[in-house]
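So this one's model_3.cif, mmCIF, C-alpha atoms:
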data_work
#
loop_
_atom_site.label_atom_id
_atom_site.label_comp_id
_atom_site.auth_asym_id
_atom_site.auth_seq_id
_atom_site.Cartn_x
_atom_site.Cartn_y
_atom_site.Cartn_z
CA MET A 18 88.41 53.37 -161.13
CA GLU A 19 90.20 52.89 -164.44
CA SER A 20 93.92 52.19 -164.33
CA PRO A 21 96.40 55.03 -164.77
CA GLU A 22 97.30 55.63 -168.37
CA PRO A 23 101.06 56.25 -168.46
CA CYS A 24 102.21 58.73 -171.07
CA GLN A 25 105.54 56.97 -171.66
CA GLU A 26 107.29 53.64 -171.53
CA VAL A 27 109.26 53.12 -168.31
CA ARG A 28 112.71 51.82 -169.23
CA ASP A 29 114.24 51.39 -165.77
CA PRO A 30 112.53 48.58 -163.80
CA ARG A 31 113.27 50.48 -160.58
CA ALA A 32 111.06 53.34 -161.77
CA ARG A 33 108.28 50.88 -162.57
CA ALA A 34 108.72 49.31 -159.11
CA VAL A 35 108.34 52.71 -157.45
CA LEU A 36 105.04 53.32 -159.20
CA ASP A 37 103.85 49.78 -158.52
CA SER A 38 104.58 50.24 -154.81
CA ILE A 39 102.29 53.27 -154.52
CA THR A 40 99.18 51.62 -153.17
CA SER A 41 95.62 52.02 -154.46
CA LEU A 42 96.52 54.26 -157.37
CA GLN A 43 93.66 56.32 -158.74
CA THR A 44 93.18 58.39 -161.86
CA HIS A 45 91.72 61.88 -161.70
CA ALA A 46 88.87 62.34 -164.14
CA ARG A 47 90.26 65.59 -165.52
CA SER A 48 93.79 64.34 -166.07
CA PRO A 49 94.05 60.63 -166.91
CA SER A 50 97.85 60.77 -167.24
CA VAL A 51 98.37 62.02 -163.70
CA THR A 52 98.61 59.23 -161.15
CA LEU A 53 97.00 59.96 -157.78
CA SER A 54 97.35 58.22 -154.46
CA PRO A 55 94.51 58.28 -151.92
CA MET A 56 96.44 60.54 -149.57
CA THR A 57 96.83 63.14 -152.30
CA ALA A 58 93.74 62.90 -154.46
CA GLU A 59 93.35 66.52 -155.10
CA PRO A 60 95.69 66.34 -152.75
CA GLU A 61 93.67 67.70 -149.83
CA PRO A 62 95.53 70.27 -147.72
CA SER A 63 95.19 69.94 -143.97
CA ASP A 64 95.30 73.63 -143.12
CA LYS A 65 94.26 76.99 -144.51
CA ARG A 66 97.72 78.20 -145.52
CA ARG A 67 98.48 75.09 -147.53
CA SER A 68 95.05 75.26 -149.15
CA GLU A 69 95.64 78.89 -150.12
CA ILE A 70 99.03 78.07 -151.67
CA GLN A 71 97.56 75.16 -153.61
CA GLY A 72 94.79 77.38 -154.91
CA MET A 73 97.27 80.09 -155.83
CA PHE A 74 99.37 77.73 -157.95
CA ASN A 75 96.29 76.26 -159.61
CA ALA A 76 95.27 79.81 -160.56
CA VAL A 77 98.64 80.96 -161.94
CA ALA A 78 99.38 77.71 -163.82
CA PRO A 79 98.22 78.87 -167.30
CA ARG A 80 100.75 81.74 -167.39
CA TYR A 81 103.36 80.34 -165.04
CA ASP A 82 105.92 79.49 -167.74
CA LEU A 83 105.48 82.83 -169.50
CA LEU A 84 106.10 84.77 -166.32
CA ASN A 85 109.07 82.61 -165.36
CA ARG A 86 110.75 83.34 -168.70
CA LEU A 87 109.86 87.01 -168.64
CA LEU A 88 110.74 87.82 -165.04
CA SER A 89 114.02 85.87 -165.11
CA ALA A 90 115.02 86.94 -168.65
CA ARG A 91 115.12 83.18 -169.44
CA GLN A 92 117.79 82.62 -166.79
CA ASP A 93 115.49 80.03 -165.20
CA VAL A 94 116.30 77.67 -168.08
CA ILE A 95 120.01 77.92 -167.24
CA TRP A 96 119.41 77.51 -163.51
CA ARG A 97 117.40 74.32 -164.03
CA ARG A 98 120.00 72.86 -166.36
CA THR A 99 122.72 73.65 -163.82
CA ALA A 100 120.74 71.91 -161.08
CA ALA A 101 120.20 68.82 -163.23
CA GLN A 102 123.92 68.61 -164.01
CA ALA A 103 124.80 69.10 -160.33
CA LEU A 104 123.24 65.73 -159.47
CA GLU A 105 126.20 64.04 -161.20
CA LEU A 106 124.43 60.68 -161.42
CA ALA A 107 125.04 57.70 -163.66
CA PRO A 108 122.72 57.23 -166.67
CA GLU A 109 119.40 55.52 -165.87
CA SER A 110 119.51 56.74 -162.25
CA LEU A 111 116.10 57.20 -160.64
CA VAL A 112 115.37 60.79 -159.63
CA LEU A 113 112.42 62.42 -157.86
CA ASP A 114 111.55 65.98 -158.85
CA LEU A 115 109.62 67.48 -155.96
CA CYS A 116 107.23 70.47 -156.34
CA CYS A 117 107.64 69.91 -160.07
CA GLY A 118 105.24 72.62 -161.25
CA THR A 119 104.84 72.53 -165.02
CA GLY A 120 107.63 70.00 -165.42
CA ASP A 121 110.62 72.04 -166.63
CA GLN A 122 113.00 70.81 -163.92
CA ALA A 123 111.94 67.20 -164.43
CA LEU A 124 112.66 67.53 -168.15
CA ALA A 125 116.05 69.10 -167.43
CA VAL A 126 116.89 66.09 -165.24
CA GLN A 127 115.55 63.66 -167.85
CA SER A 128 117.88 65.28 -170.41
CA GLN A 129 120.77 63.97 -168.29
CA GLN A 130 119.59 60.43 -169.09
CA SER A 131 117.91 59.90 -165.73
CA GLN A 132 114.52 58.27 -165.11
CA VAL A 133 112.34 60.87 -163.38
CA VAL A 134 109.24 60.75 -161.20
CA ALA A 135 107.73 64.25 -160.94
CA THR A 136 105.35 65.18 -158.14
CA ASP A 137 103.32 68.24 -157.14
CA PHE A 138 100.16 68.96 -155.17
CA SER A 139 98.73 71.33 -157.80
CA LEU A 140 96.80 69.34 -160.38
CA ALA A 141 96.60 72.36 -162.69
CA MET A 142 100.40 72.46 -162.75
CA LEU A 143 100.68 68.70 -163.23
CA GLU A 144 98.28 68.74 -166.17
CA LEU A 145 100.58 71.20 -167.93
CA ALA A 146 103.59 69.08 -167.00
CA VAL A 147 101.97 65.96 -168.46
CA SER A 148 101.35 67.73 -171.77
CA LYS A 149 105.08 68.49 -171.95
CA PHE A 150 106.03 64.96 -170.91
CA ARG A 151 103.95 63.49 -173.76
CA ARG A 152 106.13 65.39 -176.21
CA ALA A 153 109.34 64.16 -174.60
CA GLY A 154 109.27 60.62 -175.97
CA SER A 155 109.43 57.18 -174.42
CA ALA A 156 111.79 58.14 -171.57
CA ALA A 157 109.65 61.05 -170.37
CA PRO A 158 109.09 61.72 -166.63
CA ILE A 159 106.23 60.05 -164.78
CA ALA A 160 103.76 62.46 -163.13
CA VAL A 161 102.44 61.59 -159.66
CA ALA A 162 100.29 63.93 -157.58
CA GLY A 163 101.63 64.20 -154.07
CA ASP A 164 102.27 66.45 -151.09
CA SER A 165 105.91 67.16 -150.20
CA LEU A 166 105.08 66.66 -146.51
CA ALA A 167 103.80 63.09 -147.08
CA LEU A 168 105.31 61.77 -150.28
CA PRO A 169 103.38 58.84 -151.78
CA VAL A 170 106.57 56.94 -152.59
CA PRO A 171 108.51 54.26 -150.69
CA SER A 172 111.66 54.87 -148.68
CA ARG A 173 115.22 54.62 -149.97
CA ARG A 174 114.30 54.34 -153.66
CA PHE A 175 115.81 57.39 -155.38
CA ALA A 176 119.42 58.14 -156.32
CA GLY A 177 118.64 61.84 -156.51
CA ILE A 178 116.06 64.50 -155.70
CA THR A 179 115.65 67.95 -157.22
CA VAL A 180 113.48 70.83 -156.05
CA ALA A 181 113.36 74.04 -158.08
CA PHE A 182 111.85 77.04 -156.28
CA GLY A 183 109.39 74.93 -154.31
CA LEU A 184 110.55 74.58 -150.72
CA ARG A 185 109.63 78.18 -149.86
CA ASN A 186 106.02 77.13 -150.29
CA VAL A 187 105.88 74.20 -147.89
CA GLU A 188 104.19 74.57 -144.55
CA ASN A 189 106.94 72.77 -142.62
CA LEU A 190 110.45 72.99 -144.10
CA GLN A 191 112.01 70.46 -141.74
CA LEU A 192 109.31 67.89 -142.44
CA ALA A 193 109.76 68.35 -146.20
CA LEU A 194 113.54 67.94 -145.91
CA ARG A 195 113.12 64.80 -143.81
CA GLU A 196 110.71 63.37 -146.37
CA MET A 197 113.31 64.03 -149.04
CA LEU A 198 115.92 62.25 -146.94
CA ARG A 199 113.55 59.32 -146.34
CA VAL A 200 113.08 58.52 -150.01
CA LEU A 201 116.77 58.86 -150.94
CA GLU A 202 118.90 55.74 -151.01
CA THR A 203 122.22 55.70 -149.13
CA GLY A 204 124.58 57.95 -151.05
CA GLY A 205 121.64 59.68 -152.75
CA ARG A 206 121.94 63.36 -153.59
CA ALA A 207 119.60 66.30 -153.18
CA VAL A 208 119.92 69.42 -155.32
CA ILE A 209 117.73 72.41 -154.50
CA LEU A 210 117.27 75.73 -156.28
CA GLU A 211 115.87 78.69 -154.37
CA PHE A 212 115.74 82.43 -154.82
CA ALA A 213 117.98 84.51 -152.57
CA ILE A 214 118.86 88.12 -151.89
CA PRO A 215 122.23 89.07 -153.44
CA GLU A 216 124.93 90.05 -150.98
CA GLY A 217 126.95 92.33 -153.28
CA GLN A 218 126.81 96.00 -152.34
CA PHE A 219 125.92 97.12 -155.88
CA LEU A 220 123.54 94.38 -156.99
CA ARG A 221 121.66 94.04 -153.70
CA PRO A 222 119.88 97.46 -153.71
CA LEU A 223 119.03 97.16 -157.42
CA TYR A 224 117.64 93.68 -156.95
CA LEU A 225 115.61 94.65 -153.90
CA ALA A 226 114.06 97.56 -155.81
CA TYR A 227 113.12 95.22 -158.67
CA PHE A 228 111.91 92.52 -156.34
CA ARG A 229 109.80 94.78 -154.13
CA HIS A 230 108.26 97.04 -156.75
CA ILE A 231 108.63 95.90 -160.37
CA LEU A 232 108.09 92.14 -160.09
CA PRO A 233 104.70 92.34 -158.28
CA ARG A 234 103.44 94.93 -160.81
CA VAL A 235 104.43 92.83 -163.81
CA GLY A 236 102.79 89.81 -162.19
CA ARG A 237 99.55 91.75 -161.70
CA TRP A 238 99.55 92.90 -165.34
CA ILE A 239 100.04 89.46 -166.86
CA SER A 240 98.60 86.92 -164.43
CA PRO A 241 94.97 86.68 -163.30
CA ARG A 242 96.36 85.95 -159.83
CA GLY A 243 98.94 88.75 -159.75
CA SER A 244 98.98 88.75 -155.96
CA ALA A 245 100.99 85.52 -156.21
CA TYR A 246 104.01 87.59 -157.16
CA GLY A 247 103.66 89.68 -154.04
CA TYR A 248 103.65 86.36 -152.20
CA LEU A 249 106.80 85.36 -154.11
CA ARG A 250 108.55 88.50 -152.92
CA ASP A 251 107.52 88.01 -149.31
CA SER A 252 108.34 84.30 -149.23
CA VAL A 253 111.87 84.89 -150.53
CA MET A 254 112.51 87.65 -148.00
CA HIS A 255 111.59 85.34 -145.11
CA PHE A 256 113.17 82.08 -146.31
CA PRO A 257 116.51 80.87 -144.80
CA GLN A 258 119.35 81.51 -147.22
CA ARG A 259 122.86 80.20 -147.78
CA GLN A 260 124.40 79.06 -144.49
CA ALA A 261 121.05 79.19 -142.70
CA PHE A 262 119.49 76.84 -145.23
CA ALA A 263 122.52 74.55 -145.23
CA GLN A 264 122.06 74.27 -141.46
CA GLU A 265 118.42 73.29 -141.99
CA MET A 266 119.60 70.52 -144.31
CA HIS A 267 122.12 69.30 -141.72
CA ARG A 268 119.41 69.36 -139.04
CA ALA A 269 117.19 67.18 -141.24
CA GLY A 270 119.99 64.62 -141.57
CA PHE A 271 121.79 65.56 -144.79
CA SER A 272 125.58 65.42 -144.93
CA ASN A 273 127.93 67.73 -146.83
CA ALA A 274 125.32 70.45 -147.28
CA THR A 275 126.78 73.21 -149.44
CA TRP A 276 125.53 76.17 -151.45
CA GLN A 277 126.57 78.01 -154.59
CA ASP A 278 125.42 81.46 -155.74
CA LEU A 279 124.10 81.69 -159.30
CA SER A 280 123.58 84.85 -161.38
CA GLY A 281 125.23 87.11 -158.85
CA GLY A 282 123.42 85.57 -155.89
CA ILE A 283 119.77 86.01 -156.92
CA VAL A 284 119.50 82.22 -156.85
CA CYS A 285 121.26 79.67 -154.65
CA LEU A 286 121.96 76.06 -155.57
CA TYR A 287 122.12 73.77 -152.54
CA ARG A 288 123.51 70.24 -152.41
CA GLY A 289 123.26 67.54 -149.76
CA ILE A 290 123.84 63.79 -149.45
CA ARG A 291 122.18 60.98 -147.53
CA SER A 292 125.26 59.30 -146.11
CA THR A 293 123.67 56.40 -144.15
#

Written as structure tokens, how would this file's structure read?
Amino acid sequence: MESPEPCQEVRDPRARAVLDSITSLQTHARSPSVTLSPMTAEPEPSDKRRSEIQGMFNAVAPRYDLLNRLLSARQDVIWRRTAAQALELAPESLVLDLCCGTGDQALAVQSQQSQVVATDFSLAMLELAVSKFRRAGSAAPIAVAGDSLALPVPSRRFAGITVAFGLRNVENLQLALREMLRVLETGGRAVILEFAIPEGQFLRPLYLAYFRHILPRVGRWISPRGSAYGYLRDSVMHFPQRQAFAQEMHRAGFSNATWQDLSGGIVCLYRGIRST
């Protein structure tokens, strides 16, 4: 197959080394700027649930950004910027953005002068991300198709990892967290954004009413796969939050796992470190 056609110059030689170490790179015919590894070339899910989630994100990709802005009242832009700043890394640090979607979190990290590798298992999402990356100039993120449960990148290479609203969708949370830990260098930092249920006695009932009834209806009106927003509601309700998620990070091997409520607790920002 033809060689991958990068959409930007890679300034940091460590970023180039990461890409060079991904063996047998392929290029998908529909998206020549998305690099694929053999383990992830569509990437092929191993079970029905993962296949359904991949298909769902491929279907909602065209209106994903619109719905994010609308349903969050543009707060998602602030949340992503906050997560990027929370990495607190030196300029030129190498960062992996996992479950990158259409690339907004990767671009937020890149704006902090980091070199970013962005990965997702939805090619429809990655194609949209690549179109944004092309407009971001020579230091733009590098798009690589990959599954969060078997990342096509070498161990101990990244100074930081971000995940924005993606870990709810993985089949095996512990495996995904351990993969994140594997690819972090010693002292590397993970920053994770996830939706949560507010704990305040006034905001909680209002948010639950919105989340259970209004959000799925708006999703059905705007998106051709409106059922995805019913899935969003259900996945948030069943995902470990705050201390429970911090404990999952500790169990996977992260040190100093902490959380911070954003926007009254409708989103949590989690931090963890690979200490050894």

For this session: Report as a list in words the full result of the PyMOL selection byres ((chain A and resi 276-286) around 6) when it is applied to this structure.
Result: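 So the PyMOL selection byres ((chain A and resi 276-286) around 6), applied here, picks out Ile209, Leu210, Glu211, Phe212, Ala213, Ile214, Pro215, Thr275 and Tyr287 of chain A.
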
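Nearest-residue note for Glu109 in chain A: choosing from A:Gln132, A:Gln92, A:Gln191, A:Gln260, the minimum distance belongs to A:Gln132, counting all atoms listed in the file.
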
For this session: Can you work out the spacing between CA of Val112 in chain A and CA of Leu145 in chain A in Å, to one decimal?
Result: 19.9 Å

Problem set entry | Selection result for the PyMOL selection byres ((chain A and resi 183) around 9) on this file, as a ChimeraX atom specification | /A:115-118,180-182,184-187,209-211

Exercise. Which polymer residues have any atom within 8 Å of an atom of range 192-204 of chain A, counting all atoms listed in the file, with same-chain residues fewer than 5 positions away left out, as a PyMOL selection string?
Worked result: chain A and resi 165-168+170-178+184+187+266+269-271+290-293

Problem set entry | Pick from A:Leu111, A:Val134, A:Leu140, A:Leu232 nearest to Pro79 in chain A, counting only C-alpha atoms |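 Selected residue with least distance to Pro79 in chain A: A:Leu140.
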
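Among the candidates A:Arg98, A:Val77, A:Gln129, A:Val208, the one nearest to Asp114 in chain A when counting all atoms listed in the file is A:Val208.
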
Problem set entry | d(CA of Pro108 in chain A, CA of Ser131 in chain A) in Å | 5.6 Å

Problem set entry | Point-to-point distance from CA of Ala162 in chain A to CA of Arg86 in chain A, Å rounded to tenths | 24.7 Å

Pull the neighbourhood of (111.3, 75.1, -163.2) for me: all residues within 9 Å in file coordinates, counting all atoms listed in the file, as a short mmCIF file (atom, residue, chain, number, x, y, z; two decimals) with C-alpha atoms, in the frame of the given file.
data_model
loop_
_atom_site.label_atom_id
_atom_site.label_comp_id
_atom_site.auth_asym_id
_atom_site.auth_seq_id
_atom_site.Cartn_x
_atom_site.Cartn_y
_atom_site.Cartn_z
CA ASP A 82 105.92 79.49 -167.74
CA ASN A 85 109.07 82.61 -165.36
CA ASP A 93 115.49 80.03 -165.20
CA VAL A 94 116.30 77.67 -168.08
CA TRP A 96 119.41 77.51 -163.51
CA ARG A 97 117.40 74.32 -164.03
CA CYS A 117 107.64 69.91 -160.07
CA GLY A 118 105.24 72.62 -161.25
CA THR A 119 104.84 72.53 -165.02
CA GLY A 120 107.63 70.00 -165.42
CA ASP A 121 110.62 72.04 -166.63
CA GLN A 122 113.00 70.81 -163.92
CA ALA A 123 111.94 67.20 -164.43
CA ALA A 125 116.05 69.10 -167.43
CA VAL A 180 113.48 70.83 -156.05
CA ALA A 181 113.36 74.04 -158.08
CA PHE A 182 111.85 77.04 -156.28
#

Exercise. Taking into account all atoms listed in the file, which residue in the set A:Val133, A:Ala207, A:Lys149, A:Leu220 is nearest to Asn273 in chain A?
Worked result: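 Closest residue, counting all atoms listed in the file: A:Ala207.
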